[in-house]
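*Asks:* work_25.txt is reproduced in full below (compact mmCIF, C-alpha atoms).
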# COMPACT_ATOMS: atom_id res chain seq x y z
CA MET Y 1 -13.15 27.88 33.25
CA LEU Y 2 -14.70 25.18 31.10
CA ARG Y 3 -16.18 27.71 28.70
CA PRO Y 4 -13.40 27.36 26.06
CA LEU Y 5 -14.09 23.60 25.90
CA ARG Y 6 -17.48 24.24 24.35
CA TYR Y 7 -15.70 25.32 21.15
CA LEU Y 8 -14.29 21.79 20.86
CA HIS Y 9 -17.66 20.09 21.13
CA PRO Y 10 -18.67 18.45 17.80
CA LYS Y 11 -22.29 19.58 18.15
CA ARG Y 12 -21.15 23.18 17.81
CA TYR Y 13 -20.10 22.52 14.20
CA LEU Y 14 -22.30 19.56 13.24
CA THR Y 15 -26.07 19.93 13.07
CA ARG Y 16 -28.47 17.07 13.58
CA LEU Y 17 -28.71 16.76 9.80
CA ASP Y 18 -24.91 16.43 9.53
CA ARG Y 19 -24.77 13.77 12.22
CA TYR Y 20 -27.65 11.90 10.59
CA ILE Y 21 -25.96 11.78 7.17
CA ILE Y 22 -22.53 10.90 8.63
CA ALA Y 23 -24.03 8.03 10.64
CA LYS Y 24 -25.85 6.76 7.54
CA PHE Y 25 -22.71 7.06 5.38
CA ILE Y 26 -20.28 5.37 7.78
CA GLY Y 27 -22.82 2.71 8.77
CA THR Y 28 -23.63 1.79 5.16
CA TYR Y 29 -19.90 1.80 4.29
CA ILE Y 30 -19.13 -0.68 7.07
CA TYR Y 31 -22.16 -2.79 6.16
CA SER Y 32 -21.08 -3.00 2.50
CA ILE Y 33 -17.56 -4.05 3.54
CA ILE Y 34 -18.91 -6.81 5.79
CA LEU Y 35 -21.30 -8.04 3.10
CA ILE Y 36 -18.91 -8.07 0.13
CA ILE Y 37 -15.85 -9.30 2.05
CA SER Y 38 -17.93 -12.12 3.54
CA ILE Y 39 -18.89 -13.22 0.04
CA SER Y 40 -15.25 -12.92 -1.06
CA ILE Y 41 -14.12 -15.13 1.83
CA VAL Y 42 -16.66 -17.81 0.88
CA PHE Y 43 -15.39 -17.86 -2.72
CA ASP Y 44 -11.74 -17.81 -1.56
CA VAL Y 45 -12.29 -20.73 0.81
CA ASN Y 46 -14.01 -22.68 -1.94
CA GLU Y 47 -11.12 -21.98 -4.33
CA ASN Y 48 -8.24 -22.68 -1.95
CA LEU Y 49 -9.61 -25.41 0.34
CA ALA Y 50 -7.97 -28.14 -1.75
CA LYS Y 51 -4.59 -26.35 -1.58
CA PHE Y 52 -4.89 -25.87 2.17
CA SER Y 53 -5.55 -29.59 2.58
CA THR Y 54 -2.80 -30.62 0.16
CA TYR Y 55 -0.11 -28.55 1.86
CA GLY Y 56 -1.35 -29.27 5.39
CA ALA Y 57 -2.21 -25.72 6.44
CA PRO Y 58 -3.22 -25.65 10.13
CA LEU Y 59 -6.58 -24.06 10.98
CA LYS Y 60 -4.93 -21.47 13.26
CA ALA Y 61 -2.66 -20.29 10.43
CA ILE Y 62 -5.57 -20.17 7.96
CA VAL Y 63 -7.63 -17.99 10.29
CA PHE Y 64 -5.03 -15.74 11.91
CA ASP Y 65 -2.19 -15.63 9.36
CA TYR Y 66 -4.19 -15.64 6.14
CA TYR Y 67 -7.77 -14.43 6.56
CA ALA Y 68 -7.03 -12.02 9.41
CA ASN Y 69 -4.72 -10.22 6.96
CA PHE Y 70 -6.75 -11.01 3.82
CA VAL Y 71 -9.75 -9.01 5.07
CA PRO Y 72 -8.08 -5.62 5.78
CA TYR Y 73 -5.94 -5.88 2.62
CA PHE Y 74 -8.87 -6.37 0.25
CA ALA Y 75 -11.16 -4.04 2.20
CA ASN Y 76 -8.61 -1.27 1.76
CA LEU Y 77 -7.90 -2.22 -1.86
CA PHE Y 78 -11.58 -2.02 -2.85
CA SER Y 79 -12.44 0.89 -0.56
CA PRO Y 80 -13.43 3.12 -3.54
CA LEU Y 81 -16.00 0.49 -4.48
CA PHE Y 82 -17.41 0.38 -0.94
CA VAL Y 83 -17.54 4.19 -0.70
CA PHE Y 84 -19.43 4.48 -3.96
CA ILE Y 85 -21.88 1.71 -3.12
CA ALA Y 86 -22.51 3.23 0.32
CA VAL Y 87 -23.20 6.70 -1.09
CA ILE Y 88 -25.44 5.44 -3.90
CA PHE Y 89 -27.33 3.06 -1.62
CA PHE Y 90 -28.30 5.34 1.25
CA THR Y 91 -28.61 8.57 -0.77
CA SER Y 92 -31.02 6.89 -3.23
CA LYS Y 93 -33.01 5.71 -0.24
CA LEU Y 94 -33.11 9.24 1.19
CA ALA Y 95 -34.23 10.58 -2.19
CA GLY Y 96 -36.82 7.81 -2.54
CA ASN Y 97 -38.30 8.75 0.84
CA SER Y 98 -38.38 12.43 -0.23
CA GLU Y 99 -35.92 13.33 2.53
CA ILE Y 100 -33.58 15.08 0.07
CA ILE Y 101 -36.52 17.11 -1.24
CA ALA Y 102 -37.43 18.10 2.32
CA MET Y 103 -33.86 19.20 3.04
CA LEU Y 104 -33.71 21.34 -0.09
CA ALA Y 105 -37.16 22.77 0.58
CA ALA Y 106 -36.03 23.76 4.08
CA GLY Y 107 -33.39 26.01 2.56
CA VAL Y 108 -30.43 23.64 2.63
CA SER Y 109 -28.45 24.15 -0.57
CA PHE Y 110 -26.97 21.23 -2.44
CA LYS Y 111 -23.49 22.60 -1.66
CA ARG Y 112 -24.34 22.68 2.06
CA LEU Y 113 -25.76 19.17 1.79
CA LEU Y 114 -22.37 17.95 0.61
CA ARG Y 115 -20.60 19.00 3.83
CA PRO Y 116 -21.38 15.85 5.90
CA TYR Y 117 -20.66 13.68 2.87
CA MET Y 118 -17.21 15.23 2.41
CA LEU Y 119 -16.51 15.00 6.15
CA SER Y 120 -17.37 11.30 6.06
CA ALA Y 121 -15.18 10.86 2.98
CA ALA Y 122 -12.32 12.59 4.84
CA ILE Y 123 -12.67 10.19 7.78
CA ILE Y 124 -12.62 7.18 5.43
CA ALA Y 125 -9.70 8.61 3.39
CA LEU Y 126 -7.56 9.19 6.50
CA LEU Y 127 -8.39 5.72 7.82
CA ASN Y 128 -7.58 4.10 4.46
CA TYR Y 129 -4.28 5.92 4.17
CA TYR Y 130 -3.21 5.08 7.71
CA LEU Y 131 -4.10 1.41 7.24
CA GLY Y 132 -2.41 1.22 3.84
CA ALA Y 133 0.70 3.12 4.88
CA GLN Y 134 1.34 1.69 8.36
CA ILE Y 135 -0.78 -1.33 9.36
CA ILE Y 136 -1.54 -3.47 6.31
CA PRO Y 137 2.10 -3.81 5.09
CA HIS Y 138 3.00 -5.73 8.26
CA GLY Y 139 0.04 -8.06 7.70
CA ASN Y 140 1.04 -8.53 4.07
CA VAL Y 141 4.36 -10.03 5.19
CA VAL Y 142 2.52 -12.72 7.17
CA ARG Y 143 -0.05 -13.30 4.42
CA GLN Y 144 2.55 -13.67 1.66
CA ASP Y 145 4.63 -16.07 3.78
CA PHE Y 146 1.48 -18.15 4.31
CA GLU Y 147 0.75 -18.17 0.57
CA ALA Y 148 4.29 -19.30 -0.18
CA LEU Y 149 3.99 -22.18 2.30
CA TYR Y 150 0.43 -23.38 1.84
CA LYS Y 151 -0.78 -22.07 -1.53
CA ASN Y 152 2.35 -22.88 -3.52
CA LYS Y 153 2.62 -19.25 -4.56
CA LYS Y 154 6.19 -19.02 -5.72
CA LYS Y 155 8.33 -16.44 -3.99
CA THR Y 156 11.80 -15.41 -5.09
CA LEU Y 157 14.15 -16.76 -2.45
CA SER Y 158 17.50 -16.68 -4.22
CA ALA Y 159 19.58 -14.60 -6.62
CA ASN Y 160 22.70 -15.18 -8.67
CA ASN Y 161 25.47 -12.83 -9.76
CA VAL Y 162 24.21 -9.80 -7.84
CA GLN Y 163 26.21 -6.61 -8.19
CA LEU Y 164 25.23 -3.29 -6.66
CA MET Y 165 26.67 -0.04 -5.42
CA VAL Y 166 26.23 -0.01 -1.63
CA ALA Y 167 27.81 3.43 -1.16
CA PRO Y 168 29.50 6.02 -3.40
CA GLY Y 169 32.53 4.29 -4.86
CA VAL Y 170 31.81 0.98 -3.08
CA ILE Y 171 30.70 -1.99 -5.21
CA ALA Y 172 29.47 -5.29 -3.71
CA TYR Y 173 29.21 -8.58 -5.60
CA LEU Y 174 27.58 -11.87 -4.60
CA GLN Y 175 27.94 -14.98 -6.69
CA GLN Y 176 24.88 -16.51 -5.04
CA TYR Y 177 22.41 -15.41 -2.35
CA ASP Y 178 19.88 -17.50 -0.39
CA ASP Y 179 17.15 -15.34 1.17
CA ARG Y 180 15.83 -18.14 3.38
CA MET Y 181 19.13 -18.33 5.24
CA LYS Y 182 20.00 -14.65 4.64
CA THR Y 183 23.34 -15.96 3.38
CA GLY Y 184 25.50 -15.06 0.41
CA TYR Y 185 28.36 -16.99 -1.20
CA GLY Y 186 31.35 -15.79 -3.21
CA PHE Y 187 31.27 -12.27 -1.82
CA SER Y 188 33.54 -9.39 -2.79
CA LEU Y 189 33.58 -5.69 -1.89
CA ASP Y 190 35.61 -3.15 -3.88
CA LYS Y 191 36.22 0.41 -2.75
CA PHE Y 192 37.34 3.07 -5.23
CA GLU Y 193 38.73 6.55 -4.71
CA ASN Y 194 39.28 8.81 -7.70
CA LYS Y 195 38.56 5.80 -9.94
CA LYS Y 196 41.37 3.84 -8.32
CA LEU Y 197 40.94 0.64 -6.36
CA VAL Y 198 42.01 1.21 -2.75
CA SER Y 199 40.47 -1.82 -1.01
CA HIS Y 200 39.37 -5.28 -2.05
CA MET Y 201 37.57 -7.62 0.35
CA THR Y 202 36.54 -11.22 -0.31
CA ALA Y 203 34.66 -13.76 1.79
CA SER Y 204 33.50 -17.28 1.04
CA ILE Y 205 30.30 -16.78 3.06
CA ILE Y 206 28.54 -13.66 4.28
CA ARG Y 207 25.48 -13.80 6.52
CA TYR Y 208 23.04 -11.03 7.50
CA ASP Y 209 22.58 -10.60 11.25
CA SER Y 210 18.79 -10.26 11.47
CA ILE Y 211 18.76 -10.07 15.29
CA SER Y 212 21.24 -7.21 15.51
CA ASP Y 213 20.11 -3.91 17.02
CA THR Y 214 21.53 -2.05 14.03
CA ARG Y 215 20.83 -2.33 10.30
CA TYR Y 216 23.37 -3.43 7.67
CA HIS Y 217 25.13 -5.78 10.08
CA TRP Y 218 26.83 -8.69 8.25
CA LYS Y 219 29.14 -11.50 9.38
CA ALA Y 220 31.84 -12.55 6.89
CA GLN Y 221 33.48 -15.98 7.09
CA ASN Y 222 36.92 -16.84 5.70
CA TYR Y 223 37.53 -13.25 4.72
CA LYS Y 224 40.53 -11.48 3.23
CA ILE Y 225 41.00 -7.70 2.94
CA ARG Y 226 43.62 -6.20 0.63
CA THR Y 227 44.32 -2.52 1.25
CA LEU Y 228 46.31 -0.71 -1.46
CA LYS Y 229 48.43 2.29 -0.44
CA GLY Y 230 50.38 3.37 -3.47
CA LEU Y 231 52.86 0.61 -4.25
CA ARG Y 232 52.33 -0.99 -0.86
CA GLU Y 233 49.71 -3.62 -0.10
CA GLU Y 234 48.39 -4.70 3.29
CA ILE Y 235 46.58 -8.01 3.69
CA GLN Y 236 44.29 -8.88 6.57
CA SER Y 237 42.52 -12.24 6.85
CA GLY Y 238 40.62 -14.34 9.36
CA GLU Y 239 37.80 -16.77 9.97
CA MET Y 240 35.08 -14.35 11.14
CA LEU Y 241 34.50 -10.62 10.78
CA ASP Y 242 31.57 -8.50 11.96
CA THR Y 243 31.17 -5.62 9.54
CA MET Y 244 28.73 -2.95 8.42
CA ILE Y 245 27.85 -3.04 4.72
CA MET Y 246 25.15 -0.68 3.43
CA MET Y 247 22.90 -3.34 1.95
CA GLU Y 248 20.01 -5.48 3.21
CA PRO Y 249 18.43 -8.77 2.06
CA MET Y 250 15.60 -6.92 0.32
CA ASP Y 251 18.21 -5.17 -1.84
CA LEU Y 252 19.39 -8.52 -3.20
CA VAL Y 253 16.14 -10.25 -4.19
CA PHE Y 254 12.87 -8.92 -5.57
CA SER Y 255 9.62 -10.86 -5.12
CA GLU Y 256 6.26 -10.05 -6.66
CA GLY Y 257 4.31 -7.88 -4.25
CA GLN Y 258 7.35 -7.06 -2.14
CA GLN Y 259 6.52 -3.35 -2.29
CA GLU Y 260 3.24 -4.07 -0.50
CA THR Y 261 5.12 -5.28 2.57
CA LEU Y 262 6.80 -1.91 3.22
CA THR Y 263 5.27 0.97 5.14
CA SER Y 264 5.25 4.34 3.39
CA PRO Y 265 8.30 5.68 5.32
CA GLU Y 266 10.14 2.46 4.45
CA LEU Y 267 9.14 2.87 0.81
CA LEU Y 268 10.56 6.40 0.73
CA ARG Y 269 13.84 5.25 2.27
CA TYR Y 270 14.08 2.32 -0.13
CA ILE Y 271 13.31 4.49 -3.17
CA SER Y 272 15.90 7.08 -2.12
CA LYS Y 273 18.52 4.41 -1.52
CA GLN Y 274 17.87 2.66 -4.85
CA GLU Y 275 17.95 5.93 -6.78
CA GLU Y 276 21.35 6.74 -5.29
CA ARG Y 277 22.55 3.36 -6.52
CA GLY Y 278 21.10 3.90 -9.98
CA SER Y 279 18.86 0.84 -9.66
CA SER Y 280 16.16 0.23 -12.28
CA ASN Y 281 13.69 -1.74 -10.11
CA VAL Y 282 12.46 1.29 -8.18
CA VAL Y 283 9.33 2.02 -10.30
CA PRO Y 284 6.98 -0.54 -8.61
CA TYR Y 285 7.87 0.98 -5.24
CA GLU Y 286 7.19 4.52 -6.48
CA VAL Y 287 3.84 3.45 -7.93
CA GLU Y 288 2.88 1.78 -4.65
CA TYR Y 289 3.80 4.88 -2.64
CA HIS Y 290 1.79 7.30 -4.80
CA LYS Y 291 -1.10 4.85 -5.22
CA ARG Y 292 -1.71 4.78 -1.47
CA ILE Y 293 -2.24 8.53 -1.47
CA SER Y 294 -4.29 8.71 -4.67
CA MET Y 295 -6.65 5.88 -3.68
CA SER Y 296 -7.36 7.62 -0.37
CA PHE Y 297 -8.13 10.86 -2.22
CA ALA Y 298 -10.54 8.94 -4.49
CA SER Y 299 -13.03 8.82 -1.61
CA PHE Y 300 -13.81 12.52 -2.17
CA ILE Y 301 -14.23 12.19 -5.94
CA LEU Y 302 -16.41 9.09 -5.86
CA THR Y 303 -18.50 10.50 -3.02
CA LEU Y 304 -19.23 13.63 -5.07
CA ILE Y 305 -20.18 11.53 -8.10
CA GLY Y 306 -22.38 9.26 -5.99
CA VAL Y 307 -24.28 12.09 -4.33
CA SER Y 308 -24.76 13.94 -7.60
CA LEU Y 309 -26.14 10.84 -9.33
CA SER Y 310 -28.46 9.55 -6.62
CA SER Y 311 -29.85 12.66 -4.91
CA ARG Y 312 -32.67 13.13 -7.43
CA LYS Y 313 -35.88 11.19 -6.88
CA ARG Y 314 -36.77 9.18 -9.96
CA LYS Y 315 -38.93 6.28 -10.92
CA GLY Y 316 -37.35 2.83 -10.77
CA GLY Y 317 -35.66 3.22 -7.38
CA MET Y 318 -31.94 2.82 -6.75
CA GLY Y 319 -31.30 -0.13 -9.09
CA LEU Y 320 -30.09 2.00 -12.01
CA TYR Y 321 -27.80 4.13 -9.84
CA LEU Y 322 -26.43 1.12 -8.01
CA GLY Y 323 -25.55 -0.41 -11.38
CA ILE Y 324 -23.90 2.83 -12.52
CA GLY Y 325 -22.04 3.00 -9.22
CA LEU Y 326 -20.69 -0.53 -9.57
CA ALA Y 327 -19.65 0.11 -13.18
CA LEU Y 328 -17.82 3.33 -12.29
CA SER Y 329 -16.14 1.80 -9.23
CA PHE Y 330 -14.88 -1.26 -11.10
CA SER Y 331 -13.75 0.92 -14.00
CA TYR Y 332 -11.80 3.10 -11.53
CA ILE Y 333 -10.04 0.07 -10.05
CA LEU Y 334 -9.38 -1.31 -13.55
CA LEU Y 335 -7.97 2.03 -14.71
CA MET Y 336 -5.74 2.17 -11.64
CA THR Y 337 -4.36 -1.29 -12.48
CA ILE Y 338 -3.81 -0.40 -16.14
CA SER Y 339 -2.06 2.89 -15.35
CA SER Y 340 0.19 1.15 -12.81
CA THR Y 341 1.15 -1.40 -15.46
CA PHE Y 342 2.00 1.39 -17.88
CA ALA Y 343 4.24 3.00 -15.28
CA ILE Y 344 6.14 -0.25 -14.69
CA ASN Y 345 6.40 -1.40 -18.31
CA ALA Y 346 6.14 1.76 -20.43
CA ASP Y 347 8.21 4.31 -18.48
CA THR Y 348 5.21 6.44 -17.52
CA PRO Y 349 6.07 8.64 -14.50
CA ALA Y 350 4.89 6.85 -11.36
CA ILE Y 351 3.11 9.84 -9.84
CA LEU Y 352 1.22 10.48 -13.09
CA ALA Y 353 0.21 6.82 -13.41
CA ALA Y 354 -1.12 6.79 -9.85
CA TRP Y 355 -3.14 9.98 -10.32
CA ILE Y 356 -4.51 9.45 -13.86
CA PRO Y 357 -7.74 7.76 -12.58
CA ASN Y 358 -8.34 10.60 -10.10
CA ILE Y 359 -7.73 13.25 -12.76
CA LEU Y 360 -10.17 11.63 -15.20
CA TYR Y 361 -12.81 10.97 -12.56
CA ALA Y 362 -12.45 14.52 -11.21
CA PHE Y 363 -13.80 15.79 -14.54
CA ILE Y 364 -16.68 13.30 -14.31
CA ALA Y 365 -17.36 14.45 -10.73
CA TYR Y 366 -17.41 18.11 -11.81
CA PHE Y 367 -19.84 17.35 -14.65
CA CYS Y 368 -22.14 15.39 -12.33
CA TYR Y 369 -21.99 18.13 -9.70
CA LYS Y 370 -23.02 20.80 -12.23
CA GLN Y 371 -25.94 18.61 -13.35
CA ALA Y 372 -27.06 17.81 -9.79
CA PRO Y 373 -30.33 19.29 -8.42
CA ASN Y 374 -30.08 22.62 -6.65
Let me see the structure of the file written as structure tokens.
*Replies:*
Amino acid sequence: MLRPLRYLHPKRYLTRLDRYIIAKFIGTYIYSIILIISISIVFDVNENLAKFSTYGAPLKAIVFDYYANFVPYFANLFSPLFVFIAVIFFTSKLAGNSEIIAMLAAGVSFKRLLRPYMLSAAIIALLNYYLGAQIIPHGNVVRQDFEALYKNKKKTLSANNVQLMVAPGVIAYLQQYDDRMKTGYGFSLDKFENKKLVSHMTASIIRYDSISDTRYHWKAQNYKIRTLKGLREEIQSGEMLDTMIMMEPMDLVFSEGQQETLTSPELLRYISKQEERGSSNVVPYEVEYHKRISMSFASFILTLIGVSLSSRKRKGGMGLYLGIGLALSFSYILLMTISSTFAINADTPAILAAWIPNILYAFIAYFCYKQAPN
């Protein structure tokens, strides 16, 4: 009865060699994250300690609001660097101890040797994507709020003369909006049918109901609604009106890094909604969405480059390859930043900008693979 379960056992598909390499890869990857992030925290504390003291940041907020979200954010951001360092480090050590030579001499082809490496890269890629798409955005909200309070990092909290299409033929206008209070002033809402005005609503104050069970719930104060029916006009007015308007606070203000606070499903919904409105500020959100996927895929490319470079035993140890690994990793991250900037400022398609580093490094990976020992 339990016989079919044996097909699900990992040992059926993973040999001792596979498990050995996977353990080395994942272990070295985690070790490099702990080492480099620890150093980064020391430098960050040294740089921001004066600001924390000046703005009276409590220790609990520093630890749990800032650094508890700082660590996963930067670990995920520099994951390609950690993957490359891990592969170069432990593969050079295996080659230096003649373990790679022994594997190849035992009949294991270089292509077969790559299987546990690619499986490890797949585990890391899936983990990075899940963290970047679902977990880290929630932490970024807390971290950015902390930076605005205690690091004097300016955050856009108001907007003036905002006009947007909230639905087909429905135009909203706000003379002023305060994001801290989720409140707008000088509000008007015009509804058109066949290019003719059929309804005009005004309110002195409109406030977003953030505790409502439904989205787009607004409360209008001192409102007046004019409904036009041919030559007739109906007027309705009052002190308070609960209404549904297809807009949210994030549609009214844009802060630097705001796209990093949205999960991937939220990014897709936001992009779709803004495109329907004809908004021009959608590019940073598109770049962020595609970048999360492309940076996860980079684990495979950089792993292949790392194995191909460091699997040959040479004089001088791993120092040369570790230096090459660091240079390639930093150049990948730099290229990703440059291509994202081009997408935002030079009208480069967002998906192309996000994948340019992977496309270029895929050619490098193929060249290194063909030159690798067999």
*Asks:* Nearest residue to Glu239 of chain Y out of Y:Arg277, Y:Lys291, Y:Lys224, Y:Lys155, using all atoms listed in the file?
*Replies:*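 Checking each candidate against Glu239 of chain Y, we get Y:Lys224 as the closest.
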*Asks:* Just to confirm, what's the straight-line distance from atom CA of Gln259 of chain Y to atom CA of Ala167 of chain Y in Å (one decimal)?
*Replies:*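 Computing the Euclidean distance for atom CA of Gln259 of chain Y and atom CA of Ala167 of chain Y yields 22.4 Å.
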*Asks:* Between atom CA of Met240 of chain Y and atom CA of Ile205 of chain Y, what is the distance, to one decimal in Å?
*Replies:*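 Distance between the two atoms: 9.7 Å.
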*Asks:* Please report as a Markdown table every residue of segment 266-313 of chain Y lying within 12 Å of segment 23-31 of chain Y, along with the nearest atom pair and their distance in Å (one decimal), using only C-alpha atoms.
*Replies:*
| residue | atom | partner | partner_atom | distance |
| --- | --- | --- | --- | --- |
| Y:Ser299 | CA | Y:Tyr29 | CA | 11.5 |
| Y:Thr303 | CA | Y:Phe25 | CA | 10.0 |
| Y:Gly306 | CA | Y:Phe25 | CA | 11.6 |
| Y:Val307 | CA | Y:Phe25 | CA | 11.0 |
*Asks:* How would the residues just chosen look if you wrote them out with C-alpha atoms as a CSV table (one decimal), in the frame of the given file?
*Replies:*
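The file below, result25.csv, is the result:
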chain,number,residue,atom,x,y,z
Y,299,SER,CA,-13.0,8.8,-1.6
Y,303,THR,CA,-18.5,10.5,-3.0
Y,306,GLY,CA,-22.4,9.3,-6.0
Y,307,VAL,CA,-24.3,12.1,-4.3
*Asks:* Residues near Ser296 of chain Y, anyone? I mean within 8 Å using only C-alpha atoms, not counting same-chain ones fewer than 4 positions away, as a PyMOL selection string.
*Replies:* chain Y and resi 124-126+128-129+292
